[in-house]
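Here the structure comes first, spelled out in structure tokens, and everything after it is commentary.
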Amino acid sequence: MNDSVFHRLYDTYHQDVFQFLIYLVKNRQTAEDLVQEVYVRVLRAYSSFEGKSSEKTWLFSIAKNIAIDHFRKQAVRKKRLFDSFDWETMQLASTDMLPEDLVQLNDEMRTLLVALDDCTGDQKMVIIMRYFQELSITETSEILNWSEGKVKTTQHRAIKALRERLSDKQKEADVHHE
């Protein structure tokens, strides 16, 4: 991989990949570390990139895998769950406070991001890709290596679950204010 290709990929996608990771892990330092890992992997794997997907979806799938590895390692440290960790069904919850990057989001998006910690990993990934990163259903399905139908179903279930959670939180808030 020559320098100009690497710099073009970095300049074009760095901000999007970083945002994606910070939305997932909610920690600036961790996201920065994971982004570096993404580009190390890009350097190693570029020769095997066959152009079957766009460079963007290829980079995002590397970032997704690195994020899942990060959550898997966290789970291992906590509970020795490595063998049973299934990111699609387990929560990818970060206990960190929201960094400044996320505090700048509007209230609705911030509330949504916090509520996502209660969703399954696949729901969280789909919502972040579709609504925070504004990726298409096709791009999301390529990154996750799913059918478009599975992306749509997961998105639908996630929105339903989020509506219920946010409505429950609103009811709790209303009770406290009475």
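In the structure tokens, each chain is lettered A, B, ... as it comes, each chain's residues begin at 1, and ligands are numbered from 1 in order of appearance.
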
Sorted per-residue table, region 119-149 of chain A near region 32-55 of chain A, closest atoms and distance, 10 Å, only C-alpha atoms, as a Markdown table:
| residue | atom | partner | partner_atom | distance |
| --- | --- | --- | --- | --- |
| A:Glu139 | CA | A:Ser54 | CA | 8.6 |
| A:Glu142 | CA | A:Ser53 | CA | 7.2 |
| A:Ile143 | CA | A:Ser53 | CA | 8.8 |

For those residues, write N, CA, C and O atoms to a file as a PDB file, in the first residue's frame.
ATOM      1  N   GLU A 139     -25.169  -0.185   2.727  1.00  0.00           N
ATOM      2  CA  GLU A 139     -23.844  -0.046   3.349  1.00  0.00           C
ATOM      3  C   GLU A 139     -23.809  -0.771   4.694  1.00  0.00           C
ATOM      4  O   GLU A 139     -22.854  -1.489   5.000  1.00  0.00           O
ATOM      5  N   GLU A 142     -23.585  -4.471   4.225  1.00  0.00           N
ATOM      6  CA  GLU A 142     -22.236  -4.880   3.792  1.00  0.00           C
ATOM      7  C   GLU A 142     -21.267  -4.894   4.979  1.00  0.00           C
ATOM      8  O   GLU A 142     -20.478  -5.816   5.139  1.00  0.00           O
ATOM      9  N   ILE A 143     -21.335  -3.855   5.820  1.00  0.00           N
ATOM     10  CA  ILE A 143     -20.419  -3.746   6.965  1.00  0.00           C
ATOM     11  C   ILE A 143     -20.651  -4.899   7.938  1.00  0.00           C
ATOM     12  O   ILE A 143     -19.715  -5.515   8.435  1.00  0.00           O
TER      13      ILE A 143
END

List as an mmCIF file with C-alpha atoms, in the first residue's frame the protein and nucleic acid residues near Met125 (chain A), meaning an atom at most 12 Å away when only C-alpha atoms are counted, but skip any in the same chain fewer than 4 places from it.
data_model
loop_
_atom_site.group_PDB
_atom_site.id
_atom_site.type_symbol
_atom_site.label_atom_id
_atom_site.label_comp_id
_atom_site.auth_asym_id
_atom_site.auth_seq_id
_atom_site.Cartn_x
_atom_site.Cartn_y
_atom_site.Cartn_z
ATOM 1 C CA PHE A 20 -18.529 5.684 14.880
ATOM 2 C CA LEU A 21 -16.117 4.353 17.506
ATOM 3 C CA TYR A 23 -20.521 6.584 19.688
ATOM 4 C CA LEU A 24 -19.911 2.920 20.495
ATOM 5 C CA VAL A 25 -17.362 3.157 23.302
ATOM 6 C CA PHE A 60 -16.304 0.445 8.831
ATOM 7 C CA SER A 61 -16.307 -3.347 8.973
ATOM 8 C CA ALA A 63 -13.795 -0.653 12.867
ATOM 9 C CA LYS A 64 -16.813 -2.788 13.818
ATOM 10 C CA ASN A 65 -14.600 -5.856 14.349
ATOM 11 C CA ALA A 67 -14.958 -2.445 18.567
ATOM 12 C CA ILE A 68 -16.415 -5.922 19.112
ATOM 13 C CA TRP A 87 -22.081 -9.223 20.212
ATOM 14 C CA GLU A 88 -25.388 -9.554 18.380
ATOM 15 C CA THR A 89 -27.297 -10.503 21.514
ATOM 16 C CA MET A 90 -25.184 -9.100 24.339
ATOM 17 C CA GLN A 91 -25.101 -5.452 25.287
ATOM 18 C CA LEU A 92 -22.185 -3.352 24.106
ATOM 19 C CA ALA A 93 -22.529 -1.031 27.058
ATOM 20 C CA LEU A 113 -27.142 7.193 22.625
ATOM 21 C CA LEU A 116 -28.753 2.353 23.282
ATOM 22 C CA ASP A 117 -26.696 0.834 26.100
ATOM 23 C CA CYS A 119 -30.126 -2.598 23.532
ATOM 24 C CA THR A 120 -28.404 -5.663 22.112
ATOM 25 C CA GLY A 121 -25.108 -5.188 20.306
ATOM 26 C CA MET A 129 -24.678 3.223 11.540
ATOM 27 C CA ARG A 130 -28.074 4.259 10.208
ATOM 28 C CA TYR A 131 -28.911 7.345 12.299
ATOM 29 C CA PHE A 132 -25.638 8.700 13.652
ATOM 30 C CA GLN A 133 -23.391 7.826 10.690
ATOM 31 C CA LEU A 135 -25.143 4.948 6.302
ATOM 32 C CA THR A 140 -24.928 -1.243 6.801
ATOM 33 C CA SER A 141 -25.664 -4.735 5.494
ATOM 34 C CA ILE A 143 -20.419 -3.746 6.965
ATOM 35 C CA LEU A 144 -22.244 -6.234 9.181
ATOM 36 C CA VAL A 151 -30.736 -4.878 8.864
ATOM 37 C CA THR A 154 -33.010 -5.268 13.488
ATOM 38 C CA GLN A 155 -33.554 -1.538 12.933
ATOM 39 C CA ALA A 158 -34.277 -1.476 17.937
#

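Take CA of Leu162 (chain A) and CA of Ala115 (chain A): the distance between them is 6.7 Å.
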